[in-house]
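Engineer: Sharing a structure, written as structure tokens. Questions coming.
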Amino acid sequence: MTLHALIRMKALILKESRQMVRDPSSILIAFVLPAILLVLFGYGVNMDAQNVELGVAMECSDPAAQRLVGAFQSSPYFDVEVARDRRELLDKVVSGELRGLVIIPQDFTNRLALSEASPILVITDGSETNTANYVRNYAAGVLGVWRSAEARERGYDASARIRLEPRFWYNAELKSRNALIPGSLAVVMAIVGTLLTSLVVAREWERGTMEALLSTPTSPFEMLIGKTIPYLALGFLSLGCSVFVVIFLFGVPYRGSALALMLAGGAFLLSALGQGLLISTVAKNQFVASQGALITAFLPAFLLSGFIFDIASMPWLVRHITRIIPARYLVTNFQTLFLVGDVWAVLIHNVAFLLAIAALLFGLTLRKSPSRLEGSS
Amino acid sequence: MTSAAVSVVQLTHFFDHSELPALDGIDAEIRAGRITGLVGPDGAGKTTLMRLMASLLVPSQGKVTTCGFDTRCDPGPIRERIGYMPQRFGLYEDLSVIENLRLYADLRAVFGRQREEAFERLLAFTDLKNFTSRLAGRLSGGMKQKLGLACALIRRPQVLLLDEPSVGVDPISRRELWRMVRELVDEEMAVVWSTAYLDEAEQCDEALLLNSGKLLFSGAPGALTQRVSGRVAQVRGLPENVKRLTLARLLNHPRVLDGIVQGAALRLLLRDVSDVEVAQLDLPDGAELIPVSPNFEDAFMDILGGGPGGKSELAERYDSLADDGKPVVVAQGLTKRFGGFTAVHDNSFSIRRGEIFGLLGPNGAGKSTTFKMMCGLLKPTEGIGKVAGIDLRHAASKARNRLGYMAQKFSLYGDLSVRENLRFFSGVYGLRGAEQRKAIEQMIEVFELGAYVTARAGELPLGFKQRLSLACAMMHKPDVLFLDEPTSGVDPETRREFWNHINGLVQKGVTILVTTHFMDEAEYCDRIGLIYSGEKIAEGTPEELKQRVASDENPDPTLEDAFISLVRASHVERSLVA
Amino acid sequence: MLPRLCSLIVKELLAALKDPKARFLLIMPPLIQTLLFAFAVTLEVNNMTLAVQNLDGGKWSYELIQRLSASRTFTNVIAVESEEQIMRALDEQLAIAALSIPQDFSRAIEAGIPADVQLLLDGRKTNTAQIVAGYTEQIVGALQQELSGGEQGNVVLIERNWFNPNLNYKWFTLPSLVAILSTLIALLVTAMSVAREREVGTFEQLLVSPLRPVEILLGKAAAALLIATLEATGIILIAVYGFRIPFEGSPLLLYSSMIVFLLSIIGVGLFISSLSMTQQQGILGAFTFMVPAVILSGFATPIENMPEWLQFITLGDPLRWFLVIVRGIFLKGMPAADVAANTWPLAIIAVITLSAADILFRKRME
């Protein structure tokens, strides 16, 4: 690399930075968009179930049944609507007003007294599969609490033979937010990084400046560097502000080091910017580039990154497809950095994959960037 | 210098999507110390040839050598030795003047003293010294062009390639640019200047005339005009009402190769020197045939074997529109203000049935704002616009049904086929069923689009695009036709064909409003309104405008001379008032 | 007016579909994403790895581990030797949880003394960890029941999952994807269409024709509606015939509410389109709408979990309403009255967004 090449790169970086700073939309993308999205994700994506609308049909009114209803009512997870007859509530499950229904049948206490198996019916709205699972699990939990209380009442030794003590590390109160917000941050950065660069090459083609650049001794590699560095810097700034918001506005603890954050963020930004640059270079016109960005930047990062839906539980093929989604690695890295700290084994593994993806994307972009006006190799 | 700055040998170039070569068997040499004009209509292959010289394209066959390097294998050293200004000047509109200069200085490795001197020299040269911190996007067309030139000149190039530097620039800036480039050329530098304006070719030292990828002529421009000397003449003294009929008739005359309207006169290219006799053409009484000096376009038409004749199928099938004596298009005191800025101030004109009226003015003078108000696209701040008796304020949609519109650049749907475009535009104007099918078939027949009906409109040859645009504008048989720089950059043959249609339509009573900054388009108008800085500064027939600026030293001014003098006079008057 | 509109719709359809690159982007990714997301979106927990530190080595610890690894939840059990190894396994995400069985576990059980087992879980993956914990508790509970002879096993919980008996996530996901991907398509077709015509230069040609602004918008809306409806149909067919998702309700109801839904999205798209002078602004606008619309729809996480102010905002999200309808019609055979109850908010949103687009579009022409 000659001195002239370095000077050219410096000039291109300067040019791109000026354009970037003067274009209000890049500022919007880097600072305003992530702020809005983080607030939305921060409050909107929450897996800690609460206030699930539950109907309880208390067809038996004995004290034991009443205590069971009371147990449901005092659960923080449920908003309970009590009725005397299941028929009052069944329709509400169909219309979606209730997410589930617990039926305590008329002969509930009688059967108990006879030491027969006494059934309690839990009906869930399976069309809301997610919530249905909560209803099932929490209903079982409430029943368990009631059961041991009843046992004590009747003088049984309620003590378990095996005592299982689950402990949640890194997130003792098990606030889903603490894990979801670092994940959200990763998804937001995926959108921002791709959007920042997805139009920059297409724009030069459409405005005719690409031709002027190509007629100078500038090489495609220098142009690529010239476009990457400024947006990388902007990406870092954007990331920095977002991390600040996450720590101070949402109060999510950060346990890693600044160096690790830079490393994880930098490797990710490279791959996200590379994705945008590749879209832009291949599309050559802004319309197609915009469509490409809209299709690839959000939903795949949202659904295939493991941020909400655990990758390990996906089928084999889909699991492997997620390996090309950069957001996947950042989600894990951020969750680790925020909740655990510098776990270098995790970090390095993910950073290595991110760099490999970035190298692939930049390589492809370079291959697709012609040094002449047609017939790119 | 003995060796050529650029040499082109047996060059043929194909693009992927096309079977016809974009350039076909070109041999040429470009020498230092001269301005070589690359002349030809849009689509002739000028830009392709220029890009090949800049090593931005690799030739399909043959060889291009620039500054002694083969463009196929050595793009690096070539790009260090050339200066290239692409169309639209290649400027970053969101960078300032000095930032653009610095960028290109860095890219071309101009540093230290050399750099300071270059900036000094170029800023003085281009008169941009006072604007160094202004964003390039905020410069006027003429200033952008100068800045583009300065960027291409940062490192004194051996070959300076200018791709259509005068497009979209008013005549005043154009003249200035010529002066500047003229100053630049010396023993070390070769300049290649591409242009679609044939009149510019005459100012070059050397011209390469391209048409449809073929080199029709190379050499001194004078040598080309030589071939038609003595065969070009003007018909003067024609009664106004028979001017167009006479032209149509003359164009079909066996002794006439080509002809156009020039104000009140007709300019003819005759088959033979001996044809310069009035009697042979049986002109009406009072008309006289006066020999004039030939120009490049005459010669170009001669090489092509003459123009397309004078017949307009379109006009022949058009129903005559009755003239009730009332003006068809009326503007009364049109004014448009955007915030504090007055784009158009108190503009009035009226156009009779069957008249061609031109709005002539430099870019940004307020032509297109006036035009938009007359289409009902913009609401005037003050004043009234009427088309075919309908007030645009109240019934813009109804008024638009009576007018046809043809935009400056090709603005049909490029992805749609020819038939789909025709179907769309006829449908939008309310044609349907048998009537619609008939209109479409008729247009395909009249404009000979048969071979292209299923082709994508965006991929048509330029001449056919022009035909399709006119077809789409005429399908609903409007009374009024609005044309926005209809023939800019179009080859002379298609241009003649186009004006044949317009002349024919005018005979049938169609009223035409043209906006343009091209003089040859203005010459076709019956009357011209000259617009400058939002105001109409003059109105009259082309003859009247020319006469207004005639002087002893320039007794027979061209319309361009008239334009420049009138604009300057108005400018001076304005600054005196201010 | 009608024939004019028809020509316009035909033109819009051709403009959206004729360019091969754009056509590809419009058709293929949504279909591929349907397949991909259908498999990806699941909160079931499978294929987990459990680290076990077994200091006991007796019969009961062996029994417990056997039972845990017999399911699809834990497909992998790794043995760890020390506290440090447990730490490492969790830190480096080699295992989702670590079970630590103490030395005297089997002996304590035989002796009838309570035996402590410790389960450490990776709190980074809160949801997975919770489900794993619940599952482990179930297994331990069942074992316990057997040990204690079932003396208090007389209350039985009978589960009925209506509309989706096995709580299969695909039944939930595919109907939702009909809504989400058709939103994406409607935005793709509309959000950049005006800016694109502006940049290509065809916009003026359109404006000087007798078409009124509202007709131009209607033409664009109708074309987008047609394309989005067709693609939604494609996804519905994939869901019903490819994935065998039950379709209990009335197709007529689904389509009529879908049209109202799509109109509300198209209104947003056209609003963005009229607002933006360049395509870049168009795409920024599309993102600014699309991401919140999906987040606030209740698709990934329930709306009930959001704070009240945010729940209030979700009322303006068309996706929120249509997700209820589309899942309801697919799985519940939702009756007309319930569909209507969720459609009228969509109608209000559609009227607001479409008229906002119209007002802005006319204003922008000046």
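Residues in the structure tokens are numbered from 1 in each chain, the chains being A, B, ... in the order shown, and ligands are numbered from 1 in the order shown.
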Set the distance at 10 Å and use only C-alpha atoms: which residues neighbour Ile36 (chain A) once local chain neighbours fewer than 5 positions away are removed? I'd like the list as a list in words.

Structural biologist: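 Returned residues: Phe31, Phe41, Gly42 and Val188 of chain A; Thr288 and Pro292 of chain C.
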
Engineer: Include N, CA and C atoms and write out the residues we just selected as a JSON list (two decimals), in the first residue's frame.

Structural biologist:
[["chain", "number", "residue", "atom", "x", "y", "z"],
["A", 31, "PHE", "N", -29.19, 7.95, 16.07],
["A", 31, "PHE", "CA", -29.48, 8.35, 17.45],
["A", 31, "PHE", "C", -30.96, 8.34, 17.80],
["A", 41, "PHE", "N", -38.85, -1.56, 22.80],
["A", 41, "PHE", "CA", -38.43, -2.92, 23.15],
["A", 41, "PHE", "C", -38.40, -3.06, 24.67],
["A", 42, "GLY", "N", -37.86, -2.04, 25.32],
["A", 42, "GLY", "CA", -37.64, -2.11, 26.76],
["A", 42, "GLY", "C", -38.94, -2.33, 27.52],
["A", 188, "VAL", "N", -31.69, -3.91, 17.81],
["A", 188, "VAL", "CA", -31.74, -2.52, 17.36],
["A", 188, "VAL", "C", -30.47, -2.16, 16.60],
["C", 288, "THR", "N", -39.61, 2.86, 10.74],
["C", 288, "THR", "CA", -40.12, 3.50, 11.94],
["C", 288, "THR", "C", -41.53, 3.02, 12.25],
["C", 292, "PRO", "N", -42.06, -0.97, 15.44],
["C", 292, "PRO", "CA", -43.00, -0.85, 16.56],
["C", 292, "PRO", "C", -44.28, -1.64, 16.33]]

Engineer: Which residues come within 9 Å of Thr183 (chain C), counting only C-alpha atoms, excluding same-chain residues fewer than 5 positions away, as a list of chain:residue names?

Structural biologist: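 These residues fall inside the cut-off: C:Val178, C:Leu188, C:Ala228, C:Phe261, C:Leu262, C:Ile265, C:Ile266, C:Met290, C:Leu319.
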
Engineer: Counting only C-alpha atoms, which of A:Ala212, A:Ile29, A:Ile103, A:Leu239 gets nearest to Met58 (chain A)?

Structural biologist: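 Of all the options, A:Ile103 lies closest to Met58 (chain A).
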
Engineer: Could you list the residues in chain C lying within 6 Å of chain A, using only C-alpha atoms, and format the result as a VMD selection string?

Structural biologist: chain C and resid 40 to 43 45 to 47 92 114 to 124 126 154 to 164 167 172 283 301 305 to 306

Engineer: Name all residues at most 9 Å from Ser61 (chain A) (count only C-alpha atoms; drop same-chain ones fewer than 3 positions away) and give them as a list in words.

Structural biologist: Met58, Ala64, Ala65, Gln66, Arg84, Gln106 and Thr109 of chain A

Engineer: Select all residues from chain B having any atom no more than 10 Å from an atom of chain C (counting only C-alpha atoms, ignoring ligands), output as JSON, numbers by chain.

Structural biologist: {"B": [338, 372, 374, 375, 376, 377, 378, 379, 380, 395, 396, 397, 398, 399, 400, 401, 402, 403, 404, 405, 406, 407, 408, 409, 410, 411, 412, 413, 414, 415, 416, 417, 420, 421, 423, 424, 425, 426, 427, 428, 429, 430, 431, 432, 433, 456, 473, 482]}

Engineer: For chain B, list the residues within 7 Å of chain A, counting only C-alpha atoms, and write the list as an NGL selection string.

Structural biologist: :B and (54 or 56-57 or 76 or 79-80 or 84-86 or 88 or 90-92 or 94-95 or 103 or 106-109)

Engineer: Any chance you can output those residues with N, CA, C and O atoms as a short mmCIF file (atom, residue, chain, number, x, y, z; two decimals), in the first residue's frame?

Structural biologist:
data_model
loop_
_atom_site.label_atom_id
_atom_site.label_comp_id
_atom_site.auth_asym_id
_atom_site.auth_seq_id
_atom_site.Cartn_x
_atom_site.Cartn_y
_atom_site.Cartn_z
N ALA B 54 -11.44 6.79 -21.06
CA ALA B 54 -11.06 6.96 -19.65
C ALA B 54 -10.75 5.62 -18.99
O ALA B 54 -10.56 5.56 -17.78
N LEU B 56 -12.80 3.42 -18.33
CA LEU B 56 -13.90 3.01 -17.45
C LEU B 56 -14.65 1.84 -18.05
O LEU B 56 -15.41 1.16 -17.37
N LEU B 57 -14.46 1.62 -19.34
CA LEU B 57 -15.04 0.45 -19.99
C LEU B 57 -13.92 -0.26 -20.73
O LEU B 57 -12.92 0.37 -21.10
N GLY B 76 -4.59 1.90 -14.44
CA GLY B 76 -3.95 2.69 -13.38
C GLY B 76 -3.26 3.93 -13.89
O GLY B 76 -3.66 5.06 -13.54
N ARG B 79 -5.54 6.59 -15.45
CA ARG B 79 -6.36 7.40 -14.55
C ARG B 79 -5.54 8.45 -13.83
O ARG B 79 -6.08 9.43 -13.32
N GLU B 80 -4.21 8.23 -13.76
CA GLU B 80 -3.39 9.27 -13.16
C GLU B 80 -3.14 10.41 -14.13
O GLU B 80 -2.75 11.49 -13.72
N TYR B 84 -11.40 13.90 -15.93
CA TYR B 84 -12.66 13.45 -16.53
C TYR B 84 -13.82 14.13 -15.82
O TYR B 84 -13.93 14.06 -14.60
N MET B 85 -14.65 14.77 -16.57
CA MET B 85 -15.86 15.34 -15.97
C MET B 85 -17.05 14.61 -16.56
O MET B 85 -17.38 14.78 -17.72
N PRO B 86 -17.70 13.76 -15.73
CA PRO B 86 -18.85 13.04 -16.26
C PRO B 86 -20.07 13.96 -16.40
O PRO B 86 -20.02 15.11 -15.97
N ARG B 88 -23.49 15.57 -15.44
CA ARG B 88 -23.89 16.03 -14.10
C ARG B 88 -22.66 16.33 -13.24
O ARG B 88 -22.75 16.41 -12.03
N GLY B 90 -20.21 15.14 -11.66
CA GLY B 90 -19.53 14.31 -10.66
C GLY B 90 -19.21 15.01 -9.36
O GLY B 90 -18.22 14.69 -8.71
N LEU B 91 -20.04 15.97 -8.98
CA LEU B 91 -19.75 16.70 -7.74
C LEU B 91 -20.54 16.12 -6.59
O LEU B 91 -21.61 15.56 -6.78
N TYR B 92 -20.00 16.27 -5.37
CA TYR B 92 -20.77 15.92 -4.19
C TYR B 92 -21.53 17.14 -3.75
O TYR B 92 -20.94 18.12 -3.31
N ASP B 94 -23.41 17.70 -1.32
CA ASP B 94 -23.42 18.05 0.09
C ASP B 94 -22.03 18.41 0.63
O ASP B 94 -21.85 18.51 1.83
N LEU B 95 -21.07 18.56 -0.27
CA LEU B 95 -19.77 19.10 0.14
C LEU B 95 -19.63 20.50 -0.45
O LEU B 95 -20.21 20.81 -1.48
N LEU B 103 -10.99 17.09 -1.97
CA LEU B 103 -11.18 15.66 -2.17
C LEU B 103 -10.47 15.20 -3.44
O LEU B 103 -9.68 14.25 -3.43
N ASP B 106 -6.70 15.28 -3.18
CA ASP B 106 -6.16 14.13 -2.45
C ASP B 106 -6.19 12.87 -3.31
O ASP B 106 -5.25 12.09 -3.34
N LEU B 107 -7.32 12.69 -3.99
CA LEU B 107 -7.45 11.47 -4.80
C LEU B 107 -6.44 11.46 -5.93
O LEU B 107 -6.02 10.40 -6.39
N ARG B 108 -6.06 12.65 -6.39
CA ARG B 108 -5.12 12.71 -7.49
C ARG B 108 -3.70 13.07 -7.02
O ARG B 108 -2.85 13.44 -7.83
N ALA B 109 -3.49 12.99 -5.71
CA ALA B 109 -2.17 13.18 -5.13
C ALA B 109 -1.53 14.50 -5.52
O ALA B 109 -0.45 14.57 -6.08
#

Engineer: Excluding region 548-560 of chain B and any residue of its chain fewer than 3 positions from it, enumerate the residues within 12 Å of it, using only C-alpha atoms, and give them as a count of residues only.

Structural biologist: 38

Engineer: Mind the document's chain letters and residue numbers, and return as a PyMOL selection string the residues of region 25-69 of chain B that DSSP labels helix (DSSP H, G or I).

Structural biologist: chain B and resi 46-53

Engineer: Closest to Ala38 (chain C) among C:Leu174, C:Ile78, C:Ala195, C:Val132, using only C-alpha atoms?

Structural biologist: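 Smallest distance to Ala38 (chain C) is found for C:Leu174.
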
Engineer: Fewer than 2 positions away in the same chain doesn't count, so skip those; otherwise give me all residues within 8 Å of Leu257 (chain B), counting only C-alpha atoms, as a list of chain:residue names.

Structural biologist: B:Leu251, B:Pro254, B:Arg255, B:Gly259, B:Leu268, B:Leu269, B:Leu270, B:Arg271, B:Asp302, B:Gly305, B:Gly306, B:Gly307

Engineer: Using N, CA, C and O atoms, can you write the selected residues to a file as a PDB file, in the first residue's frame?

Structural biologist:
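Once everything was written out, this is again.pdb:
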ATOM      1  N   LEU B 251     -40.617  20.119 -48.224  1.00  0.00           N
ATOM      2  CA  LEU B 251     -39.886  18.945 -47.730  1.00  0.00           C
ATOM      3  C   LEU B 251     -40.154  17.722 -48.602  1.00  0.00           C
ATOM      4  O   LEU B 251     -39.372  16.781 -48.629  1.00  0.00           O
ATOM      5  N   PRO B 254     -38.635  17.223 -54.693  1.00  0.00           N
ATOM      6  CA  PRO B 254     -37.456  16.428 -55.041  1.00  0.00           C
ATOM      7  C   PRO B 254     -36.137  17.193 -54.941  1.00  0.00           C
ATOM      8  O   PRO B 254     -35.084  16.590 -54.736  1.00  0.00           O
ATOM      9  N   ARG B 255     -36.161  18.516 -55.048  1.00  0.00           N
ATOM     10  CA  ARG B 255     -34.902  19.266 -55.035  1.00  0.00           C
ATOM     11  C   ARG B 255     -34.484  19.630 -53.615  1.00  0.00           C
ATOM     12  O   ARG B 255     -33.404  20.179 -53.421  1.00  0.00           O
ATOM     13  N   GLY B 259     -35.285  20.782 -44.424  1.00  0.00           N
ATOM     14  CA  GLY B 259     -35.721  22.140 -44.148  1.00  0.00           C
ATOM     15  C   GLY B 259     -36.245  22.273 -42.737  1.00  0.00           C
ATOM     16  O   GLY B 259     -36.755  21.311 -42.154  1.00  0.00           O
ATOM     17  N   LEU B 268     -33.463  25.927 -45.910  1.00  0.00           N
ATOM     18  CA  LEU B 268     -33.528  24.751 -46.768  1.00  0.00           C
ATOM     19  C   LEU B 268     -32.140  24.248 -47.117  1.00  0.00           C
ATOM     20  O   LEU B 268     -31.193  25.019 -47.273  1.00  0.00           O
ATOM     21  N   LEU B 269     -32.023  22.942 -47.219  1.00  0.00           N
ATOM     22  CA  LEU B 269     -30.814  22.338 -47.767  1.00  0.00           C
ATOM     23  C   LEU B 269     -31.209  21.753 -49.114  1.00  0.00           C
ATOM     24  O   LEU B 269     -32.123  20.914 -49.202  1.00  0.00           O
ATOM     25  N   LEU B 270     -30.553  22.213 -50.150  1.00  0.00           N
ATOM     26  CA  LEU B 270     -30.969  21.831 -51.500  1.00  0.00           C
ATOM     27  C   LEU B 270     -30.087  20.730 -52.042  1.00  0.00           C
ATOM     28  O   LEU B 270     -28.962  20.522 -51.593  1.00  0.00           O
ATOM     29  N   ARG B 271     -30.631  20.021 -52.995  1.00  0.00           N
ATOM     30  CA  ARG B 271     -29.920  18.862 -53.519  1.00  0.00           C
ATOM     31  C   ARG B 271     -28.671  19.284 -54.307  1.00  0.00           C
ATOM     32  O   ARG B 271     -27.651  18.612 -54.271  1.00  0.00           O
ATOM     33  N   ASP B 302     -27.037  16.269 -44.601  1.00  0.00           N
ATOM     34  CA  ASP B 302     -26.608  15.910 -45.955  1.00  0.00           C
ATOM     35  C   ASP B 302     -25.996  14.510 -45.962  1.00  0.00           C
ATOM     36  O   ASP B 302     -26.284  13.692 -46.829  1.00  0.00           O
ATOM     37  N   GLY B 305     -28.405  11.942 -45.936  1.00  0.00           N
ATOM     38  CA  GLY B 305     -29.196  11.850 -47.166  1.00  0.00           C
ATOM     39  C   GLY B 305     -30.507  12.590 -47.058  1.00  0.00           C
ATOM     40  O   GLY B 305     -31.470  12.282 -47.775  1.00  0.00           O
ATOM     41  N   GLY B 306     -30.559  13.565 -46.160  1.00  0.00           N
ATOM     42  CA  GLY B 306     -31.758  14.382 -46.074  1.00  0.00           C
ATOM     43  C   GLY B 306     -32.675  13.983 -44.959  1.00  0.00           C
ATOM     44  O   GLY B 306     -32.480  12.960 -44.309  1.00  0.00           O
ATOM     45  N   GLY B 307     -33.681  14.842 -44.723  1.00  0.00           N
ATOM     46  CA  GLY B 307     -34.602  14.642 -43.612  1.00  0.00           C
ATOM     47  C   GLY B 307     -35.726  13.675 -43.956  1.00  0.00           C
ATOM     48  O   GLY B 307     -35.726  13.071 -45.037  1.00  0.00           O
TER      49      GLY B 307
END

Engineer: Choose the residue, out of B:Thr66, B:Thr369, B:Thr511, B:Ser533, that has the smallest atom-to-atom separation from Val328 (chain B); count only C-alpha atoms.

Structural biologist: B:Thr511

Engineer: Quick one: pick out all strand (DSSP E) residues within region 95-270 of chain C from a backbone DSSP run and write them as a PDB file with N, CA and C atoms, in the first residue's frame.

Structural biologist:
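New file result38.pdb:
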ATOM      1  N   ALA C  97     -28.391 -25.513  32.497  1.00  0.00           N
ATOM      2  CA  ALA C  97     -28.572 -25.662  33.935  1.00  0.00           C
ATOM      3  C   ALA C  97     -27.585 -26.692  34.463  1.00  0.00           C
ATOM      4  N   ALA C  98     -27.323 -26.575  35.755  1.00  0.00           N
ATOM      5  CA  ALA C  98     -26.434 -27.553  36.378  1.00  0.00           C
ATOM      6  C   ALA C  98     -27.133 -28.112  37.615  1.00  0.00           C
ATOM      7  N   LEU C  99     -27.193 -29.451  37.676  1.00  0.00           N
ATOM      8  CA  LEU C  99     -27.849 -30.115  38.798  1.00  0.00           C
ATOM      9  C   LEU C  99     -26.750 -30.644  39.708  1.00  0.00           C
ATOM     10  N   SER C 100     -26.881 -30.307  40.965  1.00  0.00           N
ATOM     11  CA  SER C 100     -25.836 -30.737  41.882  1.00  0.00           C
ATOM     12  C   SER C 100     -26.466 -31.668  42.919  1.00  0.00           C
ATOM     13  N   ILE C 101     -26.063 -32.963  42.880  1.00  0.00           N
ATOM     14  CA  ILE C 101     -26.652 -33.959  43.780  1.00  0.00           C
ATOM     15  C   ILE C 101     -25.640 -34.237  44.895  1.00  0.00           C
ATOM     16  N   ALA C 115     -33.878 -34.815  51.255  1.00  0.00           N
ATOM     17  CA  ALA C 115     -32.598 -34.703  50.553  1.00  0.00           C
ATOM     18  C   ALA C 115     -32.606 -33.442  49.700  1.00  0.00           C
ATOM     19  N   ASP C 116     -31.539 -32.667  49.776  1.00  0.00           N
ATOM     20  CA  ASP C 116     -31.472 -31.407  49.012  1.00  0.00           C
ATOM     21  C   ASP C 116     -30.768 -31.605  47.677  1.00  0.00           C
ATOM     22  N   VAL C 117     -31.388 -31.071  46.651  1.00  0.00           N
ATOM     23  CA  VAL C 117     -30.741 -31.080  45.343  1.00  0.00           C
ATOM     24  C   VAL C 117     -30.711 -29.636  44.873  1.00  0.00           C
ATOM     25  N   GLN C 118     -29.571 -29.262  44.326  1.00  0.00           N
ATOM     26  CA  GLN C 118     -29.473 -27.872  43.892  1.00  0.00           C
ATOM     27  C   GLN C 118     -29.513 -27.794  42.365  1.00  0.00           C
ATOM     28  N   LEU C 119     -30.315 -26.855  41.856  1.00  0.00           N
ATOM     29  CA  LEU C 119     -30.370 -26.650  40.401  1.00  0.00           C
ATOM     30  C   LEU C 119     -29.930 -25.211  40.123  1.00  0.00           C
ATOM     31  N   LEU C 120     -28.838 -25.069  39.392  1.00  0.00           N
ATOM     32  CA  LEU C 120     -28.382 -23.733  39.015  1.00  0.00           C
ATOM     33  C   LEU C 120     -28.742 -23.503  37.559  1.00  0.00           C
ATOM     34  N   LEU C 121     -29.335 -22.320  37.289  1.00  0.00           N
ATOM     35  CA  LEU C 121     -29.801 -22.067  35.924  1.00  0.00           C
ATOM     36  C   LEU C 121     -29.170 -20.805  35.359  1.00  0.00           C
ATOM     37  N   ASP C 122     -29.066 -20.774  34.054  1.00  0.00           N
ATOM     38  CA  ASP C 122     -28.482 -19.614  33.361  1.00  0.00           C
ATOM     39  C   ASP C 122     -29.555 -18.534  33.212  1.00  0.00           C
ATOM     40  N   VAL C 155     -56.048 -34.739  44.304  1.00  0.00           N
ATOM     41  CA  VAL C 155     -56.507 -33.653  43.438  1.00  0.00           C
ATOM     42  C   VAL C 155     -55.734 -33.748  42.130  1.00  0.00           C
ATOM     43  N   VAL C 156     -56.439 -33.959  41.047  1.00  0.00           N
ATOM     44  CA  VAL C 156     -55.729 -34.068  39.774  1.00  0.00           C
ATOM     45  C   VAL C 156     -56.090 -32.889  38.887  1.00  0.00           C
ATOM     46  N   LEU C 157     -55.082 -32.425  38.225  1.00  0.00           N
ATOM     47  CA  LEU C 157     -55.275 -31.285  37.333  1.00  0.00           C
ATOM     48  C   LEU C 157     -55.501 -31.829  35.935  1.00  0.00           C
ATOM     49  N   ILE C 158     -56.656 -31.546  35.381  1.00  0.00           N
ATOM     50  CA  ILE C 158     -56.909 -31.997  34.014  1.00  0.00           C
ATOM     51  C   ILE C 158     -56.802 -30.790  33.097  1.00  0.00           C
ATOM     52  N   GLU C 159     -55.951 -30.903  32.098  1.00  0.00           N
ATOM     53  CA  GLU C 159     -55.730 -29.769  31.197  1.00  0.00           C
ATOM     54  C   GLU C 159     -56.487 -29.952  29.904  1.00  0.00           C
ATOM     55  N   ARG C 160     -57.131 -28.899  29.485  1.00  0.00           N
ATOM     56  CA  ARG C 160     -57.718 -28.886  28.142  1.00  0.00           C
ATOM     57  C   ARG C 160     -57.223 -27.631  27.454  1.00  0.00           C
ATOM     58  N   ASN C 161     -56.438 -27.813  26.416  1.00  0.00           N
ATOM     59  CA  ASN C 161     -56.016 -26.638  25.664  1.00  0.00           C
ATOM     60  C   ASN C 161     -56.933 -26.497  24.462  1.00  0.00           C
ATOM     61  N   TRP C 162     -57.850 -25.579  24.617  1.00  0.00           N
ATOM     62  CA  TRP C 162     -58.805 -25.389  23.531  1.00  0.00           C
ATOM     63  C   TRP C 162     -58.108 -24.862  22.294  1.00  0.00           C
TER      64      TRP C 162
END

Engineer: Interatomic distance between CA of Glu313 (chain B) and CA of Leu281 (chain B)?

Structural biologist: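 Answer for the CA of Glu313 (chain B) to CA of Leu281 (chain B) separation: 23.7 Å.
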